[in-house]
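Below is one structure, written out as C-alpha cells; comments come after it.
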Amino acid sequence: MYFDFKTSYNDDIRLIRRPLSGLFYAIAFGTALFSPLVISEFYITESSAIFVLGIIIIGYMISAGMAGLVGLGHAAFVGVGAYTHAILLGAGVPFLISIFSAIAVCALLGVMLAVISLRLSGLYLAISTLIFALAVEHILGSWETLTGGYEGILVPDPIIFGTSFASSINYYYLTLSALVSVIILAANLMRSLSGRALIGLRDSEQAAASLGINVLKTKSVAFALSGAVTGFGGALMSHQIFFITPEAFNMMLSLQIVLAAVIGGLGSITGALIGAVVIGWMPELISQIKALLPVSIRYQPGPDLVIYGAVLIGFVLFEPLGLYGRWKKIENWLLTFPLDRKATFAKTRTYMKSERV
Amino acid sequence: MMKLRVAGLKQYFGGLKAVDTVSLDAKQSEILAIIGPNGAGKTTVINAITGLRKPTAGTVWLGDKTITGLAANRIAELGIARTFQNIELFEHASVLDNIQLGFYRHRKVTLCAELFNLPSARAEAVNARLAAEKILHYLDLVSWRDKAVSGLSYGIRKQVELGRALCSAPSFLILDEPASGLTREETLDLGYFLRDLAKNRGIGILMIEHDMGLVSRVADHVIAMNEGRILAKGSAPEVQSNADVIECYLGSEMV
C-alpha cells in the first residue's frame, strides 16, 4: 500500500510528483543521454526517428487526446513543416530561423483548419481533416516552382551556428533535446487552466461555454498548438528522409500517427511516447512477420496495411485506453497492493446525456 | 445590489411559442424559484438568459448592462454561473479538475506564460487550486477530490456541478433542477447550501425546481409557468394557492 503524502498545493502541480517517478525519469533520461556511446549506428538512427515520431504524436495528442478533436490528417502538418524547412534551408536561411518559421507556418495552417472545421465534430471533423490532408498533399505535388513537385527536393544538412548535426550521433542529440523541450511544454500545457479548458471542450462544449471558455477560440488554439508541434516534428523528420516527396506525407503517415496515439493511449504524453516506440518498430516487426508468409503474398503491397489495421482494431476492442491505460491499471495494482479491488477499473454506468440542454 | 432583469422574453421555434413574453426580476441575496409542468418553457428561459440560445425578442439586463444575445462565454465572464438539468460535467477529469475549471473566468495569464510555466502561471495555478479547495470543503466533497467524475454517484455529481459553478464566484447562480434525483437527505443539505449562499454570501439564485417542499423552504419568490407564460408570481404559499396554478397541476374540476 502506498500513500501520496502531500503537504502543499504545489505537490499536485509539480511535474515529478513521486520520488519513484523522479527516479524513473532520471534513469530514462540518463539512458537516452548515454546510450549512443554503446549502441550501434543503426540503433542511433532508429532512436532519432522514434524521438521525431514522439514529437509528432505529442502534437497529435494535443488536439485529439486533450481537446477531443480527432483528426485523420496530421500528415499535412508533418508535410508542410518538412517542406517549409527544406525550402527555407535551401534558400540559405539559417537553421533556427527556418525551423521556427516552419513551426509558425504550421500553427497558421492549424488555425486555418480550425476555421474551416470549427462547427464540425466527431466523424465529420475526421472526414474534413482527411480531405484537408489530401488537399495539402496534392498542393505539395502540384506547386512545382516551390516544392519541386513529385520529383521532390533535397534537404540540406542541419547546421546550427557552424556545427553540423548531420552525423547520426549529433542528430540524435538534436532530436533528443527537441523531444525533451516538447514534452516539457506539453506537460506545462496539461497542468495549466488552458489545458483543462481543452479537456472541458472535449467532454462538454456547453458546460465549457457556460464557464467562460470561448469554444471557437479554444478550438483554434488547440489546432494551432497541435499543428505547430507536429510541424516541428515534420521539419526535423525532413533531415532523416534527405529527399522529400509529397508521397512521404500521405494517408499512411496520418494513419500511423492515429495508430500510435491509440496504441499508446490517447490523452497522455507517456502514451504518445509509448505509441511512438511501438510504431517506430512496427516496420521492423512487419518485415519479420512478412518473412513468415508464403512467397506468393510476401511481396504484395497489402500485408502492411492489414497488419496496421488489425493492430488498431485489436486495441480499440480490447484496450481502448492503450498501453498507457494498461500500465495505469498495473500501477494502481502495485500501489494499492494487497488492498487492490478488481472493480476499480470496471466500467461504471454512464448516465444518459441528452442533446437537450 | 445588482439585479438580473428579464423583460418581455420571447423564444419561438417556428410556430411553437416555447416562451411567450416572460418578465422576471432576480436580486442578489435572494432565491427565485421557477416552477411549472414539463414543457412549460422554464429551461428555455434560462438558456436564453445564459446565452446558449438567442431569444426571439426581449431584453436581459445584468445590473444596468444589457446582456441579451451575448455569447454564453461572455455572459459567464460577467458573473452568471449555471448548472444543467442533465449534468454536464467533464467526465474524464477528476472532481478537483472539474471544479478548478470554474475558476477559468478569473484567468489572467497568457497561454505563453502557461506553456513556459512562468511564475505568473504557477501563482495562478495555486490560486485556482485555493478557490477549488474552498469549494470542496464548503460542499464537503474533500474525500472525492481525486476521483474521476465518471465513477461517481448521481448525488455527488450534482454537488460537483454546483461546486464548479460556485468556483467561478458568480454574482448570480442559475440552477436547473438542482434537487432532481437527490435523496431526501441530500435535498435537505442542498436547501441549507442554497440559503447560505444567498443569505450569507450574497449570491442571487434563480432555480427551476419541481420539489415543492424545497421550494417553499428556501425560495423568497416563486414564479409559476405554463405553456411559455407566467401563471402566477409571489411567495411560495401565494403561488401554491393560486387557482390557475392548481388548475394547471391538478386539472380543473368539471362540473
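Labels used: A, B, ... for chains in the order of the C-alpha cells, numbers from 1 for residues in each chain, and numbers from 1 for ligands as shown.
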
Which of segment 78-271 of chain A fall in strand (DSSP E or B), as an NGL selection string: :A and (153-154 or 159-160 or 163-164 or 243-244)

For those residues, write N, CA, C and O atoms to a file as an mmCIF file, in the first residue's frame.
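Contents of again-v1.cif, freshly written:
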```
data_model
loop_
_atom_site.group_PDB
_atom_site.id
_atom_site.type_symbol
_atom_site.label_atom_id
_atom_site.label_comp_id
_atom_site.auth_asym_id
_atom_site.auth_seq_id
_atom_site.Cartn_x
_atom_site.Cartn_y
_atom_site.Cartn_z
ATOM 1 N N ILE A 153 12.445 17.445 -53.356
ATOM 2 C CA ILE A 153 13.601 18.325 -53.208
ATOM 3 C C ILE A 153 14.552 17.760 -52.166
ATOM 4 O O ILE A 153 14.170 17.005 -51.276
ATOM 5 N N LEU A 154 15.789 18.194 -52.314
ATOM 6 C CA LEU A 154 16.838 17.733 -51.419
ATOM 7 C C LEU A 154 16.809 18.581 -50.146
ATOM 8 O O LEU A 154 16.605 19.786 -50.189
ATOM 9 N N ILE A 159 22.717 22.629 -40.005
ATOM 10 C CA ILE A 159 23.921 23.271 -39.456
ATOM 11 C C ILE A 159 23.489 24.396 -38.530
ATOM 12 O O ILE A 159 22.800 25.330 -38.936
ATOM 13 N N ILE A 160 23.803 24.278 -37.242
ATOM 14 C CA ILE A 160 23.423 25.309 -36.278
ATOM 15 C C ILE A 160 24.677 25.999 -35.774
ATOM 16 O O ILE A 160 25.551 25.358 -35.188
ATOM 17 N N THR A 163 27.952 24.375 -36.493
ATOM 18 C CA THR A 163 28.126 22.967 -36.142
ATOM 19 C C THR A 163 27.174 22.124 -36.964
ATOM 20 O O THR A 163 25.972 22.403 -36.995
ATOM 21 N N SER A 164 27.707 21.104 -37.620
ATOM 22 C CA SER A 164 26.839 20.245 -38.408
ATOM 23 C C SER A 164 26.215 19.164 -37.525
ATOM 24 O O SER A 164 26.894 18.551 -36.697
ATOM 25 N N PHE A 243 15.580 13.446 -48.920
ATOM 26 C CA PHE A 243 14.997 13.851 -50.179
ATOM 27 C C PHE A 243 13.496 13.714 -50.043
ATOM 28 O O PHE A 243 12.986 12.596 -49.987
ATOM 29 N N ILE A 244 12.783 14.862 -49.904
ATOM 30 C CA ILE A 244 11.364 14.736 -49.588
ATOM 31 C C ILE A 244 10.476 14.860 -50.818
ATOM 32 O O ILE A 244 10.689 15.699 -51.685
#
```

Residues of chain A within 6 Å of chain B, counting only C-alpha atoms, as a ChimeraX atom specification: /A:185,188-189,200,203,207,209-214,348

Pick from A:Ser168, A:Ser226, A:Thr145, A:Thr45 nearest to Gly110 of chain A, counting only C-alpha atoms: A:Ser226

Long-range neighbours of Gly81 of chain A as a ChimeraX atom specification, 12 Å cut-off, only C-alpha atoms, 6 positions minimum in chain: /A:56,74-75,87-88,98-110,136,140,227-239,244,249

Keeping C-alpha atoms for every residue in the selection just given, could you write it to a file as a short mmCIF file (atom, residue, chain, number, x, y, z; two decimals), in the first residue's frame?
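And here's again-v1.cif as it stands now:
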```
data_model
loop_
_atom_site.label_atom_id
_atom_site.label_comp_id
_atom_site.auth_asym_id
_atom_site.auth_seq_id
_atom_site.Cartn_x
_atom_site.Cartn_y
_atom_site.Cartn_z
CA ILE A 56 4.71 14.36 -33.98
CA HIS A 74 -1.94 15.20 -39.36
CA ALA A 75 0.41 14.12 -42.12
CA ILE A 87 12.72 25.16 -48.86
CA LEU A 88 13.95 27.84 -46.43
CA SER A 98 13.97 28.17 -40.72
CA ILE A 99 12.67 25.72 -38.14
CA PHE A 100 10.77 28.42 -36.23
CA SER A 101 9.25 29.63 -39.50
CA ALA A 102 8.13 26.06 -40.19
CA ILE A 103 6.51 25.97 -36.75
CA ALA A 104 4.79 29.32 -37.37
CA VAL A 105 3.51 28.26 -40.80
CA CYS A 106 2.09 25.05 -39.33
CA ALA A 107 0.44 26.95 -36.46
CA LEU A 108 -1.22 29.21 -39.05
CA LEU A 109 -2.26 26.18 -41.03
CA GLY A 110 -3.75 24.78 -37.83
CA VAL A 136 -2.26 19.58 -48.86
CA LEU A 140 2.72 19.98 -52.37
CA GLY A 227 -0.12 21.94 -35.83
CA ALA A 228 2.93 23.78 -34.52
CA VAL A 229 4.29 20.80 -32.60
CA THR A 230 3.53 18.36 -35.43
CA GLY A 231 5.13 20.72 -37.94
CA PHE A 232 8.22 20.94 -35.73
CA GLY A 233 8.40 17.15 -35.84
CA GLY A 234 7.96 17.28 -39.61
CA ALA A 235 10.80 19.77 -40.01
CA LEU A 236 13.12 17.52 -38.02
CA MET A 237 11.92 14.49 -39.93
CA SER A 238 12.92 16.03 -43.25
CA HIS A 239 16.57 15.52 -42.25
CA ILE A 244 11.36 14.74 -49.59
CA PHE A 249 3.29 12.58 -46.21
#
```
